[in-house]
Amino acid sequence: MENSSPVKSKRFYKSLWRLAAGLPIVLGVAWSTPVLAKNDPNTLTYGELFKEVDRGVVSKLELDPVTKIAKVTVADATAPGKMRIKEAVLLDDNAELYNKLNNKNVEFSVQKSADKNAIVGLLGNVLLLVFVITILSAIIRRSGNAGGQAMNFGKSRARFQMQAKTGVMFDDVAGIEEAKEELQEVVTFLQEPERFTSVGAKIPKGVLLVGSPGTGKTLMAKAIAGEAGVPFFSISGSEFVEMFVGVGASRVRDLFKKAKENAPCLIFIDEIDAVGRQRGVGIGGGNDEREQTLNQLLTEMDGFEGNNGVIIIAATNRPDVLDTALLRPGRFDRQVQVDPPDYKGRLAILQVHIRDKKVDPELSLEAIARRTTGFTGADLANLLNEAAIFTARRHKEAITIAEVDDAIDRVMAGMEGKVVMDGKFKRMTAYHEVGHALLITLLKEHDPLQKVTVLPRGRAIGLTWSTPNEEHGLESRAKLMAMITVKLGGRAAEEIVFGKDEVDSGASSDIQSLTQIARWMVAQMGMSELGLVAMDTERQEYSETIAAQIDREVRKIVKDCHQQALDILQSHRGLMDILAEILIDKETIEGDEFRKIVDRETGRNESNQAKPALANSSNSGCTRKKAKASWVFIFS
Ligand code: ADP
Ligand code: ZN
């Protein structure tokens, strides 16, 4: 490396640049400002000039027509025989003066004394330009050589960064083992592409990381680049939003060009939803700049072969709003879920971040992990850092539980709006989710359970997933009834365990969506005693009596299903306790494991249902939400 300290040299250039830029300005101001103060002995007012000409002491007058300043050669009154040059500002029309000069035989000339202002300005500009070019190219050359040194290309707000070496390894990423396993392969794609291309396999171009902020998506992408030993290019979608039309697109073009030059390498696009939203929708009916940027991104992704060693990883928390064009084969056709960490995951993350800190041997990371349900990796990293700061402030040698306690309080105060699960709330949520999950498992008409968790995700407090395993898209009445029963299972479990008065508003979205299913059954599908009629529920074109009948039928369906949910759960009360205990402890239970426990406790044997894949799962089970649900149940 030619320079051991690129930062220092950058700073040096910066001050040089300031000096250079300042110089012409100072000079320009000094040279051009006509200093014509009244009492200055070197200047004459127009009146004084007249008098001097009259007195016959003026021998010569040179006029600059641009500035209207005349250089007047006058006999020096204090030193006889000597001449002085004074300046005078003339008027627009000086006919009278010229007459006088003529009469007195004063030598008179109009001289476009080359405009100093212009020259200085021009000179300044040229100087500036030369400086800018030299300095910029010097900086670019230097940082280009500096390994591991992050650099920004371009001066606009949306820029991309390049890190030759991220220095992050898989060991630094903890608690998201599933994602890590899935992404391990991407490292191999970058390291030995021949292994795949030689057997005709197409290497994927894009991977979409889906997960809440702070779960370690950026860290993960950096670790992939770090493990593969390739450069890391990154850019954030949100930076494009407020830019001029065309800038975003050209930035994307630059980014891909640079990346191709540095292949094999990894491009990371953070917050891709900011730029990759469905086109032609949204506030104001679409945003030119965003759409142009998105189109450019799509073009770039199509434009290069999958085997050229550039892999793009994008991160989002909202895969549902993405333009479908982005998710097509050959683009971001792989999705990897990055989940918030469960107890084991939090413990592992704490272990990573404690590595560089001094801790009291008494301090139990297990206890911290227990107390931090709902914390993301970023929250945990922040927590340990705050604890270290408290420790330093208190002049202690090592972090003790006292500092951790204070740090937890501080971090939680900053987590406003996020749900932290503890005590009764966690228990309630666990029973609610177990209610859904147990009914899913016991009702054979329902699609199999995929996963149940009490970890908050977005606005959802707990979640239960099932995977549709029928492909024809037609739903039988029995299945729809099972779905409604399952949706009622959360609330039913709360009622059984905590009593009717204790239930909370967490089931609101369950109730909303089950009502939709029931109405759909009655009003559209002819699945009630109302008979085989389809009524447009949107436009209310049917009579009041029919409306009342629909309501009655809907209520009947819901009531029957509710009773069924209560009956089934009540007769499995002991099993519910066991499952809730496990869920509170582990926070997430996979479908397979859940079925095994149910089999073991009930003596049935149905656990060998196919394990569903996450990619095409739907949360048709339950979404226990904090506020009003935005989630809509869709049937096709
Ligand atoms: P995201 O991109 O998902 O918003 P980041 O990767 O930016 O999250 O996480 C911010 C920081 O939090 C990381 O730099 C790291 O210090 C810490 N962190 C987050 N997740 C993890 C994890 N799974 N393991 C270790 N550290 C993590
Ligand atoms: Zn629910």
# chains A, B, ... in the order shown; residues from 1 in each chain; ligands from 1
>>> residues_around(residues="Asn262 in chain A", least_positions_apart="2", cutoff="12 Å", atoms="only C-alpha atoms", output="PyMOL selection string")
chain A and resi 144+162-164+230-233+255-260+264-267+308-311
>>> residues_near_ligand(ligand="ligand 1", cutoff="6 Å", atoms="only C-alpha atoms and all ligand atoms", output="ChimeraX atom specification")
/A:172-176,213-219,349,377-378,381
>>> closest_residue(among="A:Lys222, A:Lys596, A:His432, A:Arg573", to="ligand 2", atoms="only C-alpha atoms and all ligand atoms")
A:His432
>>> residues_around(residues="Asp342 in chain A", least_positions_apart="2", cutoff="7 Å", atoms="only C-alpha atoms", output="JSON, numbers by chain")
{"A": [340, 344, 345, 346, 586, 587, 588]}
>>> closest_residue(among="A:Val247, A:Leu384, A:Val359, A:Ala369", to="Lys396 in chain A", atoms="only C-alpha atoms")
A:Val359
>>> residues_around(residues="Met527 in chain A", least_positions_apart="6", cutoff="12 Å", atoms="only C-alpha atoms", output="MDAnalysis selection string")
chainID A and resid 475:481 517:521 533:534 550 553:554 557
>>> atom_distance(atom1="CA of Asp599 in chain A", atom2="CA of Leu579 in chain A")
12.1 Å
>>> closest_residue(among="A:Phe498, A:Trp465, A:Phe594, A:Phe196", to="ligand 2", atoms="only C-alpha atoms and all ligand atoms")
A:Trp465
>>> atom_distance(atom1="CA of Phe268 in chain A", atom2="CA of Ile312 in chain A")
5.9 Å
>>> residues_around(residues="Glu581 in chain A", least_positions_apart="4", cutoff="9 Å", atoms="only C-alpha atoms", output="VMD selection string")
chain A and resid 427 430 to 431 576 to 577 585 to 586
>>> closest_residue(among="A:Leu322, A:Leu488, A:Val126, A:Val110", to="ligand 2", atoms="only C-alpha atoms and all ligand atoms")
A:Leu488
>>> residues_around(residues="Lys71 in chain A", least_positions_apart="3", cutoff="12 Å", atoms="only C-alpha atoms", output="ChimeraX atom specification")
/A:42-44,49,58-65,67-68,74,84-90,107-113
>>> closest_residue(among="A:Glu366, A:Asp406, A:His353, A:Ile133", to="Asn382 in chain A", atoms="only C-alpha atoms")
A:His353
>>> select_by_dssp(residues="range 360-449 of chain A", states="alpha helix (DSSP H)", output="number ranges by chain")
A: 365-371, 377-393, 401-413, 423-442
>>> closest_residue(among="A:Gly506, A:Gly574, A:Gly167, A:Gly276", to="ligand 2", atoms="only C-alpha atoms and all ligand atoms")
A:Gly506
>>> residues_around(residues="range 201-212 of chain A", least_positions_apart="5", cutoff="8 Å", atoms="only C-alpha atoms", output="tab-separated table (two decimals) with all heavy atoms, in the first residue's frame")
chain	number	residue	atom	x	y	z
A	189	PHE	N	-21.24	-20.67	-3.79
A	189	PHE	CA	-21.47	-20.11	-5.13
A	189	PHE	C	-20.40	-19.08	-5.46
A	189	PHE	O	-19.90	-19.00	-6.57
A	189	PHE	CB	-22.82	-19.39	-5.21
A	189	PHE	CG	-24.01	-20.31	-5.16
A	189	PHE	CD1	-25.21	-19.85	-4.64
A	189	PHE	CD2	-23.94	-21.60	-5.65
A	189	PHE	CE1	-26.32	-20.67	-4.58
A	189	PHE	CE2	-25.05	-22.44	-5.59
A	189	PHE	CZ	-26.25	-21.97	-5.06
A	193	PRO	N	-17.75	-21.23	-8.15
A	193	PRO	CA	-18.90	-21.30	-9.07
A	193	PRO	C	-18.79	-22.47	-10.04
A	193	PRO	O	-19.81	-23.04	-10.44
A	193	PRO	CB	-18.86	-19.96	-9.80
A	193	PRO	CG	-17.52	-19.38	-9.52
A	193	PRO	CD	-17.04	-19.97	-8.26
A	196	PHE	N	-20.75	-25.68	-9.65
A	196	PHE	CA	-22.16	-25.72	-10.02
A	196	PHE	C	-22.34	-25.63	-11.52
A	196	PHE	O	-23.12	-26.37	-12.11
A	196	PHE	CB	-22.92	-24.59	-9.33
A	196	PHE	CG	-22.88	-24.70	-7.83
A	196	PHE	CD1	-21.81	-24.17	-7.11
A	196	PHE	CD2	-23.86	-25.38	-7.16
A	196	PHE	CE1	-21.75	-24.30	-5.73
A	196	PHE	CE2	-23.81	-25.52	-5.78
A	196	PHE	CZ	-22.74	-24.98	-5.07
A	217	LYS	N	-29.80	-9.05	9.32
A	217	LYS	CA	-29.76	-9.30	7.88
A	217	LYS	C	-28.51	-8.71	7.24
A	217	LYS	O	-27.84	-9.37	6.45
A	217	LYS	CB	-31.02	-8.73	7.22
A	217	LYS	CG	-32.30	-9.35	7.76
A	217	LYS	CD	-33.54	-8.81	7.08
A	217	LYS	CE	-33.80	-7.34	7.37
A	217	LYS	NZ	-34.03	-7.09	8.82
A	301	MET	N	-30.43	-6.83	-13.38
A	301	MET	CA	-30.44	-8.22	-12.94
A	301	MET	C	-30.63	-9.17	-14.11
A	301	MET	O	-30.08	-10.27	-14.13
A	301	MET	CB	-31.53	-8.45	-11.89
A	301	MET	CG	-31.17	-7.85	-10.56
A	301	MET	SD	-32.25	-8.35	-9.22
A	301	MET	CE	-31.59	-9.96	-8.80
A	306	GLY	N	-26.14	-15.45	-14.73
A	306	GLY	CA	-26.09	-15.90	-13.35
A	306	GLY	C	-24.72	-16.38	-12.93
A	306	GLY	O	-24.44	-16.53	-11.75
A	307	ASN	N	-23.86	-16.59	-13.90
A	307	ASN	CA	-22.59	-17.22	-13.56
A	307	ASN	C	-21.42	-16.25	-13.52
A	307	ASN	O	-20.28	-16.65	-13.55
A	307	ASN	CB	-22.28	-18.33	-14.55
A	307	ASN	CG	-23.40	-19.35	-14.59
A	307	ASN	OD1	-24.13	-19.50	-13.62
A	307	ASN	ND2	-23.54	-20.02	-15.70
A	310	VAL	N	-21.51	-12.36	-9.49
A	310	VAL	CA	-22.11	-11.31	-8.67
A	310	VAL	C	-23.41	-11.85	-8.09
A	310	VAL	O	-24.29	-12.29	-8.83
A	310	VAL	CB	-22.41	-10.04	-9.50
A	310	VAL	CG1	-23.02	-8.95	-8.61
A	310	VAL	CG2	-21.15	-9.53	-10.17
A	311	ILE	N	-23.51	-11.85	-6.77
A	311	ILE	CA	-24.75	-12.30	-6.14
A	311	ILE	C	-25.35	-11.13	-5.37
A	311	ILE	O	-24.64	-10.38	-4.71
A	311	ILE	CB	-24.49	-13.53	-5.25
A	311	ILE	CG1	-24.25	-14.74	-6.16
A	311	ILE	CG2	-25.68	-13.78	-4.33
A	311	ILE	CD1	-24.07	-16.04	-5.46
A	312	ILE	N	-26.65	-10.97	-5.54
A	312	ILE	CA	-27.32	-9.84	-4.92
A	312	ILE	C	-28.17	-10.33	-3.75
A	312	ILE	O	-28.97	-11.26	-3.91
A	312	ILE	CB	-28.23	-9.13	-5.94
A	312	ILE	CG1	-27.42	-8.80	-7.18
A	312	ILE	CG2	-28.81	-7.87	-5.35
A	312	ILE	CD1	-28.25	-8.78	-8.42
A	313	ILE	N	-27.97	-9.71	-2.61
A	313	ILE	CA	-28.79	-10.04	-1.46
A	313	ILE	C	-29.56	-8.79	-1.07
A	313	ILE	O	-28.99	-7.71	-0.95
A	313	ILE	CB	-27.91	-10.53	-0.28
A	313	ILE	CG1	-27.26	-11.85	-0.68
A	313	ILE	CG2	-28.75	-10.71	0.98
A	313	ILE	CD1	-26.50	-12.53	0.42
A	314	ALA	N	-30.87	-8.92	-0.96
A	314	ALA	CA	-31.68	-7.77	-0.59
A	314	ALA	C	-32.38	-8.07	0.73
A	314	ALA	O	-32.62	-9.23	1.06
A	314	ALA	CB	-32.71	-7.48	-1.67
A	315	ALA	N	-32.66	-7.01	1.48
A	315	ALA	CA	-33.32	-7.20	2.77
A	315	ALA	C	-34.62	-6.41	2.82
A	315	ALA	O	-34.71	-5.31	2.28
A	315	ALA	CB	-32.40	-6.75	3.90
A	316	THR	N	-35.61	-7.00	3.45
A	316	THR	CA	-36.88	-6.30	3.63
A	316	THR	C	-37.64	-6.89	4.80
A	316	THR	O	-37.41	-8.02	5.20
A	316	THR	CB	-37.76	-6.38	2.36
A	316	THR	OG1	-38.95	-5.64	2.60
A	316	THR	CG2	-38.15	-7.81	2.04
A	317	ASN	N	-38.55	-6.08	5.32
A	317	ASN	CA	-39.45	-6.57	6.35
A	317	ASN	C	-40.84	-6.73	5.74
A	317	ASN	O	-41.75	-7.19	6.39
A	317	ASN	CB	-39.49	-5.55	7.51
A	317	ASN	CG	-40.17	-6.13	8.73
A	317	ASN	OD1	-40.20	-7.34	8.91
A	317	ASN	ND2	-40.72	-5.27	9.56
A	318	ARG	N	-40.99	-6.27	4.51
A	318	ARG	CA	-42.30	-6.28	3.87
A	318	ARG	C	-42.26	-6.96	2.50
A	318	ARG	O	-42.46	-6.32	1.48
A	318	ARG	CB	-42.79	-4.84	3.68
A	318	ARG	CG	-42.94	-4.01	4.93
A	318	ARG	CD	-44.13	-4.45	5.77
A	318	ARG	NE	-45.36	-4.68	5.00
A	318	ARG	CZ	-46.24	-3.73	4.71
A	318	ARG	NH1	-46.04	-2.49	5.08
A	318	ARG	NH2	-47.34	-4.01	4.05
A	319	PRO	N	-42.07	-8.26	2.46
A	319	PRO	CA	-42.03	-8.92	1.15
A	319	PRO	C	-43.37	-8.82	0.43
A	319	PRO	O	-43.44	-8.90	-0.78
A	319	PRO	CB	-41.69	-10.38	1.49
A	319	PRO	CG	-42.09	-10.55	2.92
A	319	PRO	CD	-41.93	-9.21	3.58
A	330	GLY	N	-34.86	-15.89	-11.69
A	330	GLY	CA	-33.74	-15.15	-12.27
A	330	GLY	C	-33.53	-13.84	-11.55
A	330	GLY	O	-32.57	-13.13	-11.82
A	331	ARG	N	-34.45	-13.48	-10.66
A	331	ARG	CA	-34.23	-12.26	-9.86
A	331	ARG	C	-34.15	-12.71	-8.40
A	331	ARG	O	-33.36	-13.58	-8.08
A	331	ARG	CB	-35.35	-11.28	-10.13
A	331	ARG	CG	-35.22	-10.73	-11.56
A	331	ARG	CD	-36.46	-10.02	-11.98
A	331	ARG	NE	-36.36	-9.57	-13.37
A	331	ARG	CZ	-37.41	-9.16	-14.07
A	331	ARG	NH1	-38.61	-9.15	-13.52
A	331	ARG	NH2	-37.26	-8.77	-15.31
A	332	PHE	N	-35.00	-12.13	-7.54
A	332	PHE	CA	-34.93	-12.58	-6.14
A	332	PHE	C	-35.84	-13.79	-5.95
A	332	PHE	O	-36.88	-13.71	-5.32
A	332	PHE	CB	-35.32	-11.45	-5.19
A	332	PHE	CG	-34.35	-10.31	-5.22
A	332	PHE	CD1	-34.62	-9.16	-5.92
A	332	PHE	CD2	-33.13	-10.41	-4.55
A	332	PHE	CE1	-33.72	-8.12	-5.97
A	332	PHE	CE2	-32.22	-9.37	-4.59
A	332	PHE	CZ	-32.51	-8.23	-5.31
A	333	ASP	N	-35.41	-14.90	-6.52
A	333	ASP	CA	-36.30	-16.06	-6.47
A	333	ASP	C	-36.06	-16.93	-5.23
A	333	ASP	O	-36.72	-17.93	-5.05
A	333	ASP	CB	-36.20	-16.88	-7.76
A	333	ASP	CG	-34.77	-17.12	-8.18
A	333	ASP	OD1	-33.86	-16.74	-7.41
A	333	ASP	OD2	-34.56	-17.67	-9.26
A	334	ARG	N	-35.11	-16.56	-4.43
A	334	ARG	CA	-34.91	-17.29	-3.17
A	334	ARG	C	-35.24	-16.39	-2.01
A	334	ARG	O	-34.77	-15.26	-1.96
A	334	ARG	CB	-33.45	-17.70	-3.02
A	334	ARG	CG	-33.07	-18.82	-3.88
A	334	ARG	CD	-31.87	-19.49	-3.28
A	334	ARG	NE	-31.57	-20.68	-4.04
A	334	ARG	CZ	-30.71	-21.60	-3.66
A	334	ARG	NH1	-30.06	-21.42	-2.52
A	334	ARG	NH2	-30.49	-22.65	-4.38
A	335	GLN	N	-36.01	-16.90	-1.10
A	335	GLN	CA	-36.34	-16.11	0.09
A	335	GLN	C	-35.85	-16.84	1.32
A	335	GLN	O	-36.04	-18.03	1.46
A	335	GLN	CB	-37.85	-15.93	0.21
A	335	GLN	CG	-38.40	-14.87	-0.70
A	335	GLN	CD	-39.80	-14.46	-0.31
A	335	GLN	OE1	-40.19	-14.55	0.85
A	335	GLN	NE2	-40.56	-14.00	-1.29
A	336	VAL	N	-35.19	-16.11	2.18
A	336	VAL	CA	-34.73	-16.70	3.44
A	336	VAL	C	-35.29	-15.87	4.58
A	336	VAL	O	-35.12	-14.65	4.63
A	336	VAL	CB	-33.18	-16.74	3.50
A	336	VAL	CG1	-32.72	-17.24	4.87
A	336	VAL	CG2	-32.64	-17.62	2.40
A	337	GLN	N	-35.97	-16.55	5.47
A	337	GLN	CA	-36.58	-15.88	6.61
A	337	GLN	C	-35.53	-15.71	7.72
A	337	GLN	O	-34.82	-16.64	8.06
A	337	GLN	CB	-37.74	-16.75	7.12
A	337	GLN	CG	-38.54	-16.16	8.24
A	337	GLN	CD	-39.51	-15.09	7.74
A	337	GLN	OE1	-40.06	-15.22	6.66
A	337	GLN	NE2	-39.71	-14.06	8.53
A	338	VAL	N	-35.42	-14.49	8.22
A	338	VAL	CA	-34.52	-14.25	9.35
A	338	VAL	C	-35.41	-13.94	10.55
A	338	VAL	O	-35.96	-12.85	10.67
A	338	VAL	CB	-33.54	-13.10	9.07
A	338	VAL	CG1	-32.59	-12.90	10.23
A	338	VAL	CG2	-32.76	-13.37	7.79
A	339	ASP	N	-35.55	-14.93	11.41
A	339	ASP	CA	-36.50	-14.81	12.52
A	339	ASP	C	-35.89	-14.08	13.71
A	339	ASP	O	-34.68	-14.12	13.91
A	339	ASP	CB	-36.94	-16.20	12.98
A	339	ASP	CG	-37.82	-16.87	11.94
A	339	ASP	OD1	-38.50	-16.14	11.20
A	339	ASP	OD2	-37.82	-18.11	11.87
A	340	PRO	N	-36.74	-13.44	14.51
A	340	PRO	CA	-36.22	-12.90	15.77
A	340	PRO	C	-35.76	-14.08	16.64
A	340	PRO	O	-36.36	-15.16	16.56
A	340	PRO	CB	-37.42	-12.19	16.40
A	340	PRO	CG	-38.61	-12.62	15.63
A	340	PRO	CD	-38.17	-13.20	14.34
A	457	ARG	N	-43.51	-10.39	16.12
A	457	ARG	CA	-43.03	-10.19	14.75
A	457	ARG	C	-43.84	-9.07	14.15
A	457	ARG	O	-45.02	-9.24	13.90
A	457	ARG	CB	-43.27	-11.48	13.99
A	457	ARG	CG	-42.34	-11.70	12.85
A	457	ARG	CD	-42.49	-13.12	12.40
A	457	ARG	NE	-41.98	-14.06	13.40
A	457	ARG	CZ	-41.43	-15.21	13.09
A	457	ARG	NH1	-41.34	-15.59	11.85
A	457	ARG	NH2	-40.98	-16.01	14.03
A	458	GLY	N	-43.25	-7.91	13.98
A	458	GLY	CA	-44.04	-6.78	13.51
A	458	GLY	C	-45.09	-6.46	14.55
A	458	GLY	O	-44.81	-6.40	15.73
